[in-house]
Amino acid sequence: MRVLLLGANGFLGRFVADRLLADPAVHLTALGRGDDADVRFDLAGGSPGALTRFLGAVHPGVVINCAGATRGGARDLTRHNTVAVATVCEALRRSGCGARLVQLGCASEYGPSQQGSSTAEDAIPRPGGPYGVSKLAATELVLGAGLDAVVLRVFSPVGPGTPAGSPLGRLAEAMRRAMQSGDSELKLSGLGVQRDFVDVRDVARAVHAASLSAAQGVVNIGTGRAVKLRDAAAVLARVAGYAGALHELDGPSGRPSIGAPRTESVLDHLSAGQAPYPDGCGGWQQADVRTARDRLGWRPRINLEESLADIWMEAACRI
């Protein structure tokens, strides 16, 4: 099976590439902006015609799009998350190669959810910020392109390689600095939110399964269990061997406290201006993952403690 992978150098793309390379039945070609890509191409700036010619030469059976941006203003997010996907869809339509498209979406497309609820694929999307809007627009382009396509809405990916700007990445870095400086306490804000954390290696397995399946439409990829960031912080402290006290500084409104000494906010990620929930998802998100189980035969395998241990191992190497 010939697979064209877009965005192979990103957090998700690296693990998807590893998963596909482990399958002897897959012939993988990576396209991206970096020097280590098999073919250099900027999806946000390149023309559909140029990509069409490349598809005609490679003739992939599956195109997997892991490319995109999580940071920046609305203009950059639109270019990298929406315009780029429009280029991919138009090139696939023109090429007539019949390739299946696996697009990686995100839970920010849904926006805030009711406390205690599980979000299914038929929920009405109400993204709470420019990142979610740009990803939702990409999903609508994919679903409306008339292609053999599936969109995997990934909830909160974690594990080795977790970006430093993500909540758990910032949490690990704050703990590393506290241990390095010998602080006996760590003051944290933003720990009241609850997210469905799914290991990036399980996400890669889901992408592999989706590329082999006949599933179309939207499929949630998560664990089906929301976890409070304060509970994740406690687990991280245990695996790190941090014996200091964790003090939570959130006020009654749930907004991070300001002005407190040695305060670390774990929510300063994605696009700016959306505090206290920069991903636009409010205080709670939990996936309904029955569709992934039924249509992809996929279930998560890696628990959050293992994911956090791997995050800590990378953070500890910076001591």
# chains A, B, ... in the order shown; residues from 1 in each chain; ligands from 1
>>> residues_around(residues="range 84-92 of chain A", least_positions_apart="5", cutoff="7 Å", atoms="only C-alpha atoms", output="VMD selection string")
chain A and resid 43 to 44 47 to 49 51 to 52 79 97 138 141 to 142 145
>>> write_last_selection(atoms="all heavy atoms", output="compact mmCIF listing (two decimals), in the first residue's frame")
# COMPACT_ATOMS: atom_id res chain seq x y z
N LEU A 43 2.10 23.12 2.06
CA LEU A 43 0.68 22.99 1.76
C LEU A 43 -0.04 24.33 1.83
O LEU A 43 -1.00 24.57 1.10
CB LEU A 43 0.02 22.01 2.72
CG LEU A 43 0.40 20.54 2.57
CD1 LEU A 43 -0.19 19.74 3.72
CD2 LEU A 43 -0.08 19.99 1.23
N ALA A 44 0.40 25.22 2.74
CA ALA A 44 -0.28 26.49 2.91
C ALA A 44 0.03 27.47 1.79
O ALA A 44 -0.75 28.39 1.54
CB ALA A 44 0.10 27.12 4.26
N SER A 47 0.49 25.36 -4.73
CA SER A 47 -0.73 25.34 -5.52
C SER A 47 -1.31 23.93 -5.60
O SER A 47 -0.56 22.94 -5.56
CB SER A 47 -0.45 25.84 -6.94
OG SER A 47 0.34 24.89 -7.65
N PRO A 48 -2.63 23.81 -5.72
CA PRO A 48 -3.23 22.48 -5.93
C PRO A 48 -2.71 21.79 -7.17
O PRO A 48 -2.56 20.56 -7.19
CB PRO A 48 -4.73 22.79 -6.05
CG PRO A 48 -4.92 24.09 -5.34
CD PRO A 48 -3.65 24.86 -5.59
N GLY A 49 -2.38 22.58 -8.21
CA GLY A 49 -1.87 21.98 -9.43
C GLY A 49 -0.55 21.27 -9.23
O GLY A 49 -0.34 20.16 -9.76
N LEU A 51 0.59 20.01 -6.41
CA LEU A 51 0.35 18.81 -5.61
C LEU A 51 -0.34 17.74 -6.45
O LEU A 51 -0.06 16.54 -6.28
CB LEU A 51 -0.49 19.16 -4.39
CG LEU A 51 -0.73 18.03 -3.39
CD1 LEU A 51 0.58 17.44 -2.88
CD2 LEU A 51 -1.57 18.52 -2.20
N THR A 52 -1.19 18.15 -7.37
CA THR A 52 -1.86 17.18 -8.25
C THR A 52 -0.84 16.43 -9.09
O THR A 52 -0.93 15.21 -9.26
CB THR A 52 -2.86 17.91 -9.17
OG1 THR A 52 -3.86 18.55 -8.38
CG2 THR A 52 -3.53 16.94 -10.13
N ARG A 79 -4.38 29.72 7.43
CA ARG A 79 -3.51 29.29 6.33
C ARG A 79 -3.09 27.84 6.49
O ARG A 79 -3.18 27.05 5.55
CB ARG A 79 -2.26 30.18 6.25
CG ARG A 79 -2.49 31.56 5.67
CD ARG A 79 -1.17 32.33 5.57
NE ARG A 79 -0.23 31.67 4.69
CZ ARG A 79 0.92 31.13 5.09
NH1 ARG A 79 1.27 31.15 6.37
NH2 ARG A 79 1.73 30.57 4.22
N CYS A 97 -6.81 10.00 -8.55
CA CYS A 97 -6.08 8.79 -8.16
C CYS A 97 -6.91 7.88 -7.26
O CYS A 97 -6.55 6.73 -7.03
CB CYS A 97 -4.77 9.16 -7.48
SG CYS A 97 -4.94 10.00 -5.90
N ALA A 138 -11.66 22.98 8.15
CA ALA A 138 -10.94 21.94 7.41
C ALA A 138 -11.76 20.65 7.36
O ALA A 138 -11.85 19.99 6.31
CB ALA A 138 -9.59 21.68 8.06
N LEU A 141 -14.48 20.99 4.82
CA LEU A 141 -13.94 20.88 3.46
C LEU A 141 -13.72 19.42 3.08
O LEU A 141 -14.05 19.00 1.96
CB LEU A 141 -12.62 21.65 3.37
CG LEU A 141 -12.70 23.17 3.34
CD1 LEU A 141 -11.32 23.78 3.50
CD2 LEU A 141 -13.33 23.64 2.02
N VAL A 142 -13.17 18.65 3.99
CA VAL A 142 -12.91 17.23 3.72
C VAL A 142 -14.22 16.47 3.49
O VAL A 142 -14.37 15.71 2.53
CB VAL A 142 -12.11 16.59 4.88
CG1 VAL A 142 -12.07 15.07 4.75
CG2 VAL A 142 -10.70 17.16 4.93
N ALA A 145 -15.95 17.26 0.09
CA ALA A 145 -15.16 17.19 -1.14
C ALA A 145 -15.53 16.02 -2.03
O ALA A 145 -15.00 15.89 -3.15
CB ALA A 145 -13.67 17.12 -0.79
>>> closest_atom_pairs(of="range 48-86 of chain A", to="range 147-157 of chain A", cutoff="10 Å", atoms="only C-alpha atoms", output="CSV")
residue,atom,partner,partner_atom,distance
A:Val62,CA,A:Ala149,CA,9.5
A:Val63,CA,A:Ala149,CA,9.4
A:Ile64,CA,A:Ala149,CA,9.9
A:Asn65,CA,A:Val151,CA,9.7
>>> residues_around(residues="Val239 in chain A", least_positions_apart="4", cutoff="9 Å", atoms="only C-alpha atoms", output="list in words")
Ala234, Val235, Glu305, Leu308, Ala309 and Trp312 of chain A
>>> residues_around(residues="range 220-224 of chain A", least_positions_apart="4", cutoff="7 Å", atoms="only C-alpha atoms", output="PDB file with C-alpha atoms, in the first residue's frame")
ATOM      1  CA  GLU A 121     -19.583  12.691  16.674  1.00  0.00           C
ATOM      2  CA  LEU A 152     -10.201  11.586  13.222  1.00  0.00           C
ATOM      3  CA  ARG A 153     -11.088  14.104  15.919  1.00  0.00           C
ATOM      4  CA  VAL A 154      -8.205  13.639  18.336  1.00  0.00           C
ATOM      5  CA  PHE A 155      -8.876  14.796  21.886  1.00  0.00           C
ATOM      6  CA  ASP A 196      -9.587  13.429  27.763  1.00  0.00           C
ATOM      7  CA  PHE A 197      -5.863  12.642  27.431  1.00  0.00           C
ATOM      8  CA  VAL A 198      -4.962  10.029  24.809  1.00  0.00           C
ATOM      9  CA  VAL A 203      -3.402   7.993  18.102  1.00  0.00           C
ATOM     10  CA  GLN A 286     -14.624  13.804  27.347  1.00  0.00           C
ATOM     11  CA  ALA A 287     -14.930  11.749  24.176  1.00  0.00           C
ATOM     12  CA  ASP A 288     -17.558   9.218  23.288  1.00  0.00           C
ATOM     13  CA  VAL A 289     -15.317   6.639  21.621  1.00  0.00           C
ATOM     14  CA  ALA A 292     -13.776   4.209  16.966  1.00  0.00           C
ATOM     15  CA  PRO A 300      -6.641   2.970  23.653  1.00  0.00           C
TER      16      PRO A 300
END
>>> atom_distance(atom1="CA of Asp42 in chain A", atom2="CA of His80 in chain A")
9.2 Å
>>> residues_around(residues="Leu77 in chain A", least_positions_apart="2", cutoff="9 Å", atoms="only C-alpha atoms", output="MDAnalysis selection string")
chainID A and resid 68:75 79:82 130:131 134:135 271
>>> write_last_selection(atoms="N, CA, C and O atoms", output="CSV table (one decimal), in the first residue's frame")
chain,number,residue,atom,x,y,z
A,68,GLY,N,-0.4,20.9,10.1
A,68,GLY,CA,-1.2,22.0,10.7
A,68,GLY,C,-0.5,22.8,11.7
A,68,GLY,O,0.7,22.5,12.0
A,69,ALA,N,-1.1,23.7,12.3
A,69,ALA,CA,-0.5,24.6,13.3
A,69,ALA,C,-1.5,24.7,14.5
A,69,ALA,O,-2.7,24.7,14.4
A,70,THR,N,-0.9,24.8,15.7
A,70,THR,CA,-1.7,24.9,16.9
A,70,THR,C,-1.5,26.3,17.6
A,70,THR,O,-2.2,26.7,18.5
A,71,ARG,N,-0.5,27.0,17.1
A,71,ARG,CA,-0.2,28.3,17.7
A,71,ARG,C,-0.2,29.4,16.6
A,71,ARG,O,0.0,29.1,15.4
A,72,GLY,N,-0.4,30.6,17.0
A,72,GLY,CA,-0.4,31.7,16.1
A,72,GLY,C,-1.8,32.5,16.1
A,72,GLY,O,-2.7,32.0,16.7
A,73,GLY,N,-1.8,33.5,15.3
A,73,GLY,CA,-3.0,34.3,15.2
A,73,GLY,C,-4.0,33.6,14.2
A,73,GLY,O,-3.7,32.6,13.6
A,74,ALA,N,-5.2,34.2,14.1
A,74,ALA,CA,-6.2,33.6,13.2
A,74,ALA,C,-5.8,33.5,11.8
A,74,ALA,O,-6.1,32.5,11.1
A,75,ARG,N,-5.0,34.4,11.3
A,75,ARG,CA,-4.5,34.4,9.9
A,75,ARG,C,-3.6,33.2,9.7
A,75,ARG,O,-3.8,32.4,8.7
A,79,ARG,N,-4.4,29.7,7.4
A,79,ARG,CA,-3.5,29.3,6.3
A,79,ARG,C,-3.1,27.8,6.5
A,79,ARG,O,-3.2,27.0,5.6
A,80,HIS,N,-2.6,27.5,7.7
A,80,HIS,CA,-2.0,26.2,7.9
A,80,HIS,C,-3.0,25.1,8.2
A,80,HIS,O,-2.8,23.9,7.9
A,81,ASN,N,-4.2,25.4,8.7
A,81,ASN,CA,-5.2,24.4,9.0
A,81,ASN,C,-6.4,24.3,8.1
A,81,ASN,O,-7.0,23.3,8.0
A,82,THR,N,-6.6,25.4,7.4
A,82,THR,CA,-7.8,25.4,6.5
A,82,THR,C,-7.4,25.5,5.0
A,82,THR,O,-7.8,24.6,4.2
A,130,PRO,N,-10.1,30.7,17.6
A,130,PRO,CA,-9.7,30.6,16.1
A,130,PRO,C,-9.1,29.2,15.8
A,130,PRO,O,-9.2,28.8,14.6
A,131,TYR,N,-8.4,28.6,16.7
A,131,TYR,CA,-7.8,27.3,16.4
A,131,TYR,C,-8.9,26.3,16.1
A,131,TYR,O,-8.9,25.6,15.0
A,134,SER,N,-10.6,27.1,12.7
A,134,SER,CA,-9.8,26.7,11.5
A,134,SER,C,-9.8,25.2,11.3
A,134,SER,O,-9.9,24.7,10.1
A,135,LYS,N,-9.8,24.4,12.4
A,135,LYS,CA,-9.8,23.0,12.2
A,135,LYS,C,-11.2,22.5,11.8
A,135,LYS,O,-11.4,21.5,11.0
A,271,SER,N,-3.8,29.3,20.9
A,271,SER,CA,-3.9,30.7,20.5
A,271,SER,C,-4.1,31.6,21.7
A,271,SER,O,-4.8,31.2,22.7
>>> residues_around(residues="Ala172 in chain A", least_positions_apart="2", cutoff="10 Å", atoms="only C-alpha atoms", output="CSV table (one decimal) with all heavy atoms, in the first residue's frame")
chain,number,residue,atom,x,y,z
A,162,THR,N,5.6,15.4,23.8
A,162,THR,CA,4.5,16.4,24.1
A,162,THR,C,5.1,17.8,24.0
A,162,THR,O,6.1,18.1,24.6
A,162,THR,CB,3.9,16.2,25.5
A,162,THR,OG1,3.2,14.9,25.5
A,162,THR,CG2,2.9,17.3,25.9
A,164,ALA,N,6.2,21.6,24.6
A,164,ALA,CA,6.4,22.3,25.8
A,164,ALA,C,5.3,23.3,26.1
A,164,ALA,O,5.1,23.7,27.3
A,164,ALA,CB,7.7,23.0,25.8
A,166,SER,N,2.1,22.8,25.7
A,166,SER,CA,0.8,22.2,26.1
A,166,SER,C,0.7,22.2,27.6
A,166,SER,O,1.7,22.3,28.3
A,166,SER,CB,0.8,20.8,25.5
A,166,SER,OG,1.7,19.9,26.2
A,167,PRO,N,-0.5,22.0,28.1
A,167,PRO,CA,-0.7,22.0,29.6
A,167,PRO,C,0.3,21.0,30.3
A,167,PRO,O,0.9,21.4,31.3
A,167,PRO,CB,-2.1,21.6,29.8
A,167,PRO,CG,-2.8,22.1,28.6
A,167,PRO,CD,-1.8,21.9,27.5
A,168,LEU,N,0.3,19.7,29.8
A,168,LEU,CA,1.2,18.8,30.5
A,168,LEU,C,2.6,19.0,30.3
A,168,LEU,O,3.5,18.7,31.1
A,168,LEU,CB,0.8,17.3,30.1
A,168,LEU,CG,-0.6,16.9,30.6
A,168,LEU,CD1,-0.9,15.5,30.2
A,168,LEU,CD2,-0.8,17.1,32.1
A,169,GLY,N,3.0,19.6,29.1
A,169,GLY,CA,4.4,19.9,28.8
A,169,GLY,C,4.8,21.1,29.8
A,169,GLY,O,5.9,21.0,30.3
A,170,ARG,N,4.0,22.0,30.0
A,170,ARG,CA,4.3,23.1,30.9
A,170,ARG,C,4.4,22.7,32.3
A,170,ARG,O,5.2,23.1,33.1
A,170,ARG,CB,3.2,24.3,30.8
A,170,ARG,CG,3.3,25.0,29.4
A,170,ARG,CD,2.2,26.0,29.4
A,170,ARG,NE,2.4,27.1,30.4
A,170,ARG,CZ,3.2,28.1,30.3
A,170,ARG,NH1,3.9,28.3,29.2
A,170,ARG,NH2,3.3,29.0,31.2
A,174,ALA,N,7.6,23.0,34.7
A,174,ALA,CA,7.6,23.7,36.0
A,174,ALA,C,8.1,22.8,37.1
A,174,ALA,O,8.8,23.2,38.0
A,174,ALA,CB,6.1,24.1,36.3
A,175,MET,N,7.8,21.5,37.0
A,175,MET,CA,8.3,20.6,38.0
A,175,MET,C,9.8,20.4,37.9
A,175,MET,O,10.5,20.3,38.9
A,175,MET,CB,7.5,19.2,37.9
A,175,MET,CG,7.6,18.4,39.2
A,175,MET,SD,6.3,17.1,39.1
A,175,MET,CE,4.8,18.1,39.3
A,176,ARG,N,10.3,20.3,36.7
A,176,ARG,CA,11.7,20.2,36.5
A,176,ARG,C,12.4,21.4,37.1
A,176,ARG,O,13.5,21.2,37.8
A,176,ARG,CB,12.0,20.1,35.0
A,176,ARG,CG,13.5,19.9,34.7
A,176,ARG,CD,13.8,20.2,33.2
A,176,ARG,NE,13.7,21.6,32.9
A,176,ARG,CZ,14.6,22.5,33.1
A,176,ARG,NH1,15.8,22.1,33.7
A,176,ARG,NH2,14.5,23.7,32.8
A,177,ARG,N,11.9,22.6,36.8
A,177,ARG,CA,12.6,23.8,37.4
A,177,ARG,C,12.5,23.8,38.9
A,177,ARG,O,13.5,24.1,39.6
A,177,ARG,CB,12.0,25.0,36.8
A,177,ARG,CG,12.3,25.3,35.4
A,177,ARG,CD,12.1,26.7,35.0
A,177,ARG,NE,10.7,27.1,35.2
A,177,ARG,CZ,9.8,27.1,34.2
A,177,ARG,NH1,10.1,26.7,33.0
A,177,ARG,NH2,8.5,27.4,34.4
A,178,ALA,N,11.4,23.3,39.5
A,178,ALA,CA,11.3,23.3,40.9
A,178,ALA,C,12.3,22.3,41.5
A,178,ALA,O,12.9,22.6,42.6
A,178,ALA,CB,9.9,22.9,41.3
A,233,ALA,N,-1.3,16.3,37.7
A,233,ALA,CA,-0.1,16.9,38.3
A,233,ALA,C,0.4,16.0,39.5
A,233,ALA,O,1.6,15.8,39.7
A,233,ALA,CB,-0.5,18.2,38.8
A,236,LEU,N,2.2,13.0,38.0
A,236,LEU,CA,3.5,13.4,37.5
A,236,LEU,C,4.5,13.6,38.6
A,236,LEU,O,5.6,13.2,38.5
A,236,LEU,CB,3.3,14.7,36.6
A,236,LEU,CG,4.6,15.2,35.9
A,236,LEU,CD1,5.0,14.2,34.9
A,236,LEU,CD2,4.3,16.6,35.3
A,237,ALA,N,4.0,14.2,39.7
A,237,ALA,CA,4.9,14.4,40.9
A,237,ALA,C,5.4,13.0,41.4
A,237,ALA,O,6.5,12.9,41.8
A,237,ALA,CB,4.2,15.2,41.9
A,240,ALA,N,7.9,11.5,38.9
A,240,ALA,CA,9.1,12.3,38.9
A,240,ALA,C,9.9,12.2,40.2
A,240,ALA,O,11.1,12.5,40.3
A,240,ALA,CB,8.8,13.8,38.7
A,266,VAL,N,-0.6,26.3,33.7
A,266,VAL,CA,-0.5,25.2,32.7
A,266,VAL,C,-1.4,25.3,31.6
A,266,VAL,O,-1.6,24.4,30.8
A,266,VAL,CB,-0.7,23.9,33.5
A,266,VAL,CG1,0.4,23.6,34.5
A,266,VAL,CG2,-2.1,23.8,34.1
A,308,LEU,N,2.6,10.1,31.2
A,308,LEU,CA,3.3,11.1,32.0
A,308,LEU,C,4.7,10.7,32.3
A,308,LEU,O,5.6,11.6,32.4
A,308,LEU,CB,2.5,11.3,33.3
A,308,LEU,CG,1.1,12.0,33.1
A,308,LEU,CD1,0.3,11.9,34.4
A,308,LEU,CD2,1.3,13.4,32.7
A,309,ALA,N,4.9,9.4,32.5
A,309,ALA,CA,6.3,9.0,32.8
A,309,ALA,C,7.2,9.3,31.6
A,309,ALA,O,8.4,9.7,31.8
A,309,ALA,CB,6.3,7.5,33.1
A,311,ILE,N,6.7,11.7,29.4
A,311,ILE,CA,6.9,13.1,29.4
A,311,ILE,C,7.9,13.6,30.4
A,311,ILE,O,8.8,14.4,30.0
A,311,ILE,CB,5.5,13.8,29.7
A,311,ILE,CG1,4.5,13.6,28.6
A,311,ILE,CG2,5.7,15.3,29.9
A,311,ILE,CD1,3.1,14.1,28.9
A,312,TRP,N,7.9,13.0,31.6
A,312,TRP,CA,8.9,13.3,32.6
A,312,TRP,C,10.3,12.9,32.2
A,312,TRP,O,11.2,13.7,32.4
A,312,TRP,CB,8.5,12.7,33.9
A,312,TRP,CG,9.6,13.0,34.9
A,312,TRP,CD1,10.5,12.2,35.5
A,312,TRP,CD2,10.0,14.3,35.4
A,312,TRP,NE1,11.3,12.8,36.3
A,312,TRP,CE2,11.1,14.2,36.3
A,312,TRP,CE3,9.5,15.6,35.2
A,312,TRP,CZ2,11.7,15.2,36.9
A,312,TRP,CZ3,10.1,16.7,35.8
A,312,TRP,CH2,11.2,16.5,36.7
A,313,MET,N,10.5,11.8,31.6
A,313,MET,CA,11.8,11.3,31.2
A,313,MET,C,12.4,12.3,30.2
A,313,MET,O,13.6,12.6,30.3
A,313,MET,CB,11.7,10.0,30.5
A,313,MET,CG,11.5,8.8,31.4
A,313,MET,SD,12.8,8.6,32.6
A,313,MET,CE,14.1,8.0,31.4
A,314,GLU,N,11.6,12.9,29.3
A,314,GLU,CA,12.2,13.9,28.4
A,314,GLU,C,12.5,15.2,29.1
A,314,GLU,O,13.5,15.9,28.9
A,314,GLU,CB,11.2,14.2,27.3
A,314,GLU,CG,11.1,13.0,26.3
A,314,GLU,CD,10.2,13.2,25.2
A,314,GLU,OE1,9.4,14.2,25.2
A,314,GLU,OE2,10.2,12.5,24.2
A,315,ALA,N,11.6,15.6,30.1
A,315,ALA,CA,11.8,16.8,30.8
A,315,ALA,C,13.1,16.7,31.7
A,315,ALA,O,13.9,17.6,31.8
A,315,ALA,CB,10.6,17.2,31.7
A,316,ALA,N,13.2,15.5,32.3
A,316,ALA,CA,14.3,15.3,33.2
A,316,ALA,C,15.7,15.3,32.5
A,316,ALA,O,16.7,15.7,33.1
A,316,ALA,CB,14.2,13.9,33.9
